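Reading through the structure tokens given below for one structure.
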Amino acid sequence: MLDIRYIKENPQEVIERLAAKGKEAEYEINEILRLDGERRALILETDSAKAEQNKVSKQIPMLKKQGEDVAPIMAKMKELAEKIKENDGKIRQVEVDLREVMLSLPNLPDRDLKPGGKENNEELRQYGTPHVFDFEPKNHVDLCTSLGLIDYERGTKLSGSGFWVYRAMGARLEWALLNYFIDTHLADGYEMVMVPHMLGMDAGYASGQFPKFKEDVYWMEHDEDERPLFMLPTAETALVGLHMNEILSEKELPRKYFAYTPCFRKEAGSHRADERGMVRGHQFNKVEMFQYTLPEKSDEAFDELVGKAEALVKGLGFHFRTVKLAAEDCSASMARTYDIEIHIPSMNGYKEVSSVSNARDYQARRSAIRFKREATGKTEFVHTLNGSGLATSRILPAIVEQNQLKDGSVVVPEVLRKYLGGIEVLTKDMKNWK
């Protein structure tokens with residue numbers, strides 16, 4: 001949520017910065033200013049009525065003692081009480097309307113971002129060079145099928161399009177990736193947490209997933225008297241909510257967490273021919289990094305998360321690039337985002353395997369997460385940041401495609417071999433199912 005004081009002091013700037021993100025917000029900003037003015041006028045009128053009520057109520061006992069007729073005064077008191085009650089109801093409704101408009105606005109993009117969408121994304125750096133084959137390489141779907149790593153047919157049979165089953169060495173390779181990520185984060189001093197996979201509405205609003213993407217998640221069926229729950233689309237949604245409505249001490253920051261979860265996405269993506277197999281799906285595995293930090297340490301934390309994501313990809317031996325997203329390509333909740341994209345040969349391009357983002361104080365305002373300054377004793381909103389560390393559904397295809405040999409076998413990245421009992425190459429004779 002944006003700072004309403006900032007909106008009131010800089011309405012045109014807010015409109016222009018949101019326009020860079022593709023959001024025409026003039027109506028919303030004017031509505032916020034109108035509702036805030038109406039709310040303040042109602043509060044002033046109500047406070048004045050309450051003051052008059054208090055003043056008159058103190059006079060009644062004295063007037064009664066003097067034998068004066070207090071009926072007109074009692075009538076006035078009743079009138080004031082009704083006005084106060086009426087205004088209290090109006091204030092509650094205005095605050096609901098104001099919050100609804102405030103929640104609908106995306107985060108302000110950082111000023112250094114280019115406006116517009118993907119066409120204005122900026123490549124910052126590359127690592128390594130694209131793999132060159134001296135034979136006709138296969139795509140990951142054919143490789144995973146021939147090596148017995150992934151059973152696409154039975155995944156579809158179980159759950160429909162956009163699902164798959166990891167089997168035999170495929171399941172072990174997936175688990176090896178997750179263990180590699182987890183061990184790295186633990187070594188870097190991050191706290192591992194295991195969060196629920198079903199979340200309540202507050203978590204969706206806190207992260208900024210709701211209200212805009214409320215229909216893009218899987219909702220659990222529930223009775224009218226039960227709490228609505230949805231399947232988490234990313235562990236970030238849960239990690240934001242860990243400290244909802246809390247005031248942390250300055251000494252507690254930064255808080256560095258990571259969580260492994262499956263992620264559930266209702267919309268599985270495009271139907272492009274080059275995005276077959278595991279590249280887009282309704283369920284995939286991901287390790288998510290998350291930080292709560294002091295505002296002045298926000299940029300430093302962002303650089304740390306980008307460096308961690310890049311180091312994980314480097315460790316796997318991949319060629320990749322780091323891309324700074326233009327304002328409109330950043331998600332609604334984020335002020336800035338860098339994507340780490342790996343090269344997948346069969347797709348003739350790059351696919352994102354990690355997005356590292358800084359929400360600034362946007363999520364903290366939505367979820368009332370603050371900290372107390374030691375020097376002043378005042379409370380301020382924390383900054384929240386997240387980064388994939390990493391998602392596997394594109395890492396595994398990249399492994400099999402970039403590391404394939406002419407005979408259809410695949411070389412296992414060195415950092416994963418200890419999790420696979422020392423296996424260095426995946427071959428067809430390891431397939432033990434049909």
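Letters for chains follow the order of the structure tokens (A, B, ...), residue numbers begin at 1 for each chain, and ligand numbers begin at 1 in the order shown.
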If we count only C-alpha atoms and set the cut-off at 10 Å, which residues sit around Gln12 (chain A), ignoring sequence neighbours fewer than 6 positions away in its own chain? Please answer as a PyMOL selection string. chain A and resi 18+25-26+29
Write out as a ChimeraX atom specification each polymer residue whose atoms come within 8 Å of Tyr152 (chain A), counting only C-alpha atoms; drop sequence neighbours fewer than 4 positions from it. /A:145,156,163-165,277
Please give the complete set of residues from region 174-370 of chain A that DSSP, run on the backbone, assigns to alpha helix (DSSP H), formatted as a ChimeraX atom specification. /A:174-187,201-207,235-241,298-315,362-367
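If you look at CA of Val195 (chain A) and CA of Ala311 (chain A), they are 25.2 Å away from each other.
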Write out as JSON lines the residues of region 273-325 of chain A that have any atom within 9 Å of an atom of region 234-242 of chain A, one row each with the nearest atom pair and its distance in Å to one decimal, counting only C-alpha atoms, sorted by chain and then rising number.
{"residue": "A:Lys286", "atom": "CA", "partner": "A:Thr234", "partner_atom": "CA", "distance": 7.8}
{"residue": "A:Val287", "atom": "CA", "partner": "A:Ala235", "partner_atom": "CA", "distance": 7.8}
{"residue": "A:Glu288", "atom": "CA", "partner": "A:Ala235", "partner_atom": "CA", "distance": 6.1}
{"residue": "A:Met289", "atom": "CA", "partner": "A:Glu236", "partner_atom": "CA", "distance": 7.9}
{"residue": "A:Phe290", "atom": "CA", "partner": "A:Leu239", "partner_atom": "CA", "distance": 6.9}
{"residue": "A:Gln291", "atom": "CA", "partner": "A:Leu239", "partner_atom": "CA", "distance": 8.9}
{"residue": "A:Tyr292", "atom": "CA", "partner": "A:Val240", "partner_atom": "CA", "distance": 8.7}
Excluding Tyr218 (chain A) and its own-chain neighbours fewer than 4 positions away, which residues fall within 10 Å of it when counting only C-alpha atoms? Please give them as a PyMOL selection string. chain A and resi 198+214+229-233+264-267+282
For Ala206 (chain A), work out the shell of residues within 7 Å, counting only C-alpha atoms and skipping chain neighbours fewer than 2 positions away, then give it as a ChimeraX atom specification. /A:202-204,208,240-241,363,366-367
Put those residues in a file: N, CA and C atoms, as a PDB file, in the first residue's frame.
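Contents of again-v4.pdb, as written:
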ATOM      1  N   ASP A 202      -5.892 -12.677   4.621  1.00  0.00           N
ATOM      2  CA  ASP A 202      -4.987 -11.611   5.061  1.00  0.00           C
ATOM      3  C   ASP A 202      -3.613 -11.736   4.423  1.00  0.00           C
ATOM      4  N   ALA A 203      -3.130 -12.969   4.260  1.00  0.00           N
ATOM      5  CA  ALA A 203      -1.821 -13.179   3.640  1.00  0.00           C
ATOM      6  C   ALA A 203      -1.829 -12.720   2.184  1.00  0.00           C
ATOM      7  N   GLY A 204      -2.932 -12.951   1.490  1.00  0.00           N
ATOM      8  CA  GLY A 204      -3.044 -12.516   0.101  1.00  0.00           C
ATOM      9  C   GLY A 204      -3.016 -11.007  -0.037  1.00  0.00           C
ATOM     10  N   GLY A 208       0.142  -8.318  -1.481  1.00  0.00           N
ATOM     11  CA  GLY A 208      -0.235  -7.580  -2.679  1.00  0.00           C
ATOM     12  C   GLY A 208      -0.800  -8.481  -3.761  1.00  0.00           C
ATOM     13  N   VAL A 240       5.725 -13.021   3.814  1.00  0.00           N
ATOM     14  CA  VAL A 240       5.319 -11.647   4.125  1.00  0.00           C
ATOM     15  C   VAL A 240       4.481 -11.626   5.396  1.00  0.00           C
ATOM     16  N   GLY A 241       3.592 -12.610   5.502  1.00  0.00           N
ATOM     17  CA  GLY A 241       2.632 -12.613   6.600  1.00  0.00           C
ATOM     18  C   GLY A 241       3.177 -13.074   7.939  1.00  0.00           C
ATOM     19  N   GLN A 363       4.513  -3.643   1.027  1.00  0.00           N
ATOM     20  CA  GLN A 363       3.900  -4.792   1.692  1.00  0.00           C
ATOM     21  C   GLN A 363       3.779  -4.555   3.193  1.00  0.00           C
ATOM     22  N   ARG A 366       0.692  -2.631   4.004  1.00  0.00           N
ATOM     23  CA  ARG A 366      -0.517  -3.447   3.856  1.00  0.00           C
ATOM     24  C   ARG A 366      -0.693  -4.398   5.036  1.00  0.00           C
ATOM     25  N   SER A 367       0.405  -4.790   5.668  1.00  0.00           N
ATOM     26  CA  SER A 367       0.343  -5.810   6.718  1.00  0.00           C
ATOM     27  C   SER A 367       0.780  -5.289   8.092  1.00  0.00           C
TER      28      SER A 367
END
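Comparing the minimum interatomic distances between His243 (chain A) and each of A:Lys85, A:Arg370, A:Lys256, A:Arg394, counting only C-alpha atoms, we find that A:Arg370 sits nearest.
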Skip Arg39 (chain A) itself and residues of its chain fewer than 6 positions away, then list as a PyMOL selection string all residues within 12 Å of it, counting only C-alpha atoms. chain A and resi 31-33+45-46+87-99
Using only C-alpha atoms, please write the residues we just selected to a file, as a tab-separated table (two decimals), in the first residue's frame.
chain	number	residue	atom	x	y	z
A	31	GLU	CA	-10.87	9.50	-5.43
A	32	ILE	CA	-8.34	9.03	-2.63
A	33	LEU	CA	-8.05	12.79	-2.19
A	45	GLU	CA	-17.78	17.49	12.59
A	46	THR	CA	-18.11	14.44	14.84
A	87	ASN	CA	-21.34	10.22	11.31
A	88	ASP	CA	-19.55	7.26	12.88
A	89	GLY	CA	-21.29	5.02	10.33
A	90	LYS	CA	-20.32	7.36	7.49
A	91	ILE	CA	-16.70	7.45	8.68
A	92	ARG	CA	-16.52	3.65	8.78
A	93	GLN	CA	-17.90	3.42	5.23
A	94	VAL	CA	-15.56	6.12	3.92
A	95	GLU	CA	-12.59	4.33	5.50
A	96	VAL	CA	-13.67	1.07	3.87
A	97	ASP	CA	-14.00	2.80	0.49
A	98	LEU	CA	-10.66	4.59	0.96
A	99	ARG	CA	-8.84	1.38	1.89
Write out as a list in words the residues lying within 9 Å of Leu396 (chain A), counting only C-alpha atoms and excluding same-chain residues fewer than 6 positions away.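 Once the nearby chain positions are removed, what remains is His140, Gly170, Leu173, Glu174, Leu177 and Met278 of chain A.
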Include N, CA and C atoms and write out the residues we just selected as an mmCIF file, in the first residue's frame.
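Output saved as out_25.cif:
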data_model
loop_
_atom_site.group_PDB
_atom_site.id
_atom_site.type_symbol
_atom_site.label_atom_id
_atom_site.label_comp_id
_atom_site.auth_asym_id
_atom_site.auth_seq_id
_atom_site.Cartn_x
_atom_site.Cartn_y
_atom_site.Cartn_z
ATOM 1 N N HIS A 140 14.262 -30.805 -23.993
ATOM 2 C CA HIS A 140 14.185 -31.400 -22.662
ATOM 3 C C HIS A 140 13.042 -32.386 -22.508
ATOM 4 N N GLY A 170 14.800 -38.810 -12.031
ATOM 5 C CA GLY A 170 14.208 -37.479 -12.146
ATOM 6 C C GLY A 170 13.807 -36.934 -10.787
ATOM 7 N N LEU A 173 16.991 -36.186 -8.899
ATOM 8 C CA LEU A 173 17.632 -34.970 -9.395
ATOM 9 C C LEU A 173 16.900 -33.725 -8.881
ATOM 10 N N GLU A 174 15.584 -33.776 -8.889
ATOM 11 C CA GLU A 174 14.790 -32.668 -8.351
ATOM 12 C C GLU A 174 15.122 -32.440 -6.878
ATOM 13 N N LEU A 177 18.541 -30.836 -6.382
ATOM 14 C CA LEU A 177 18.509 -29.401 -6.603
ATOM 15 C C LEU A 177 18.026 -28.666 -5.353
ATOM 16 N N MET A 278 7.967 -28.886 -18.741
ATOM 17 C CA MET A 278 7.974 -28.371 -17.385
ATOM 18 C C MET A 278 8.131 -26.858 -17.299
#
Residue with smallest distance to Lys418 (chain A) - pool A:Ala75, A:Ala176, A:Leu2, A:Met201, counting only C-alpha atoms: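 Under the stated criterion, the closest residue is A:Ala176.
Proximity of A:Pro109, A:Gly421, A:Gly377, A:Pro61 to Ala20 (chain A), computed with only C-alpha atoms, is greatest for A:Pro109.
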Calculated over only C-alpha atoms, which of the candidates A:Leu248, A:Cys263, A:Val353, A:Val313 has the smallest distance to Lys378 (chain A)?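 Counting only C-alpha atoms, the residue closest to Lys378 (chain A) is A:Leu248.
Distances from A:Gln404, A:Thr376, A:Ser146, A:Asn386 to Lys428 (chain A) were compared using only C-alpha atoms, and the smallest one belongs to A:Ser146.
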What is the distance, in Å and to one decimal place, between CA of Ile150 (chain A) and CA of Tyr166 (chain A)? 4.8 Å
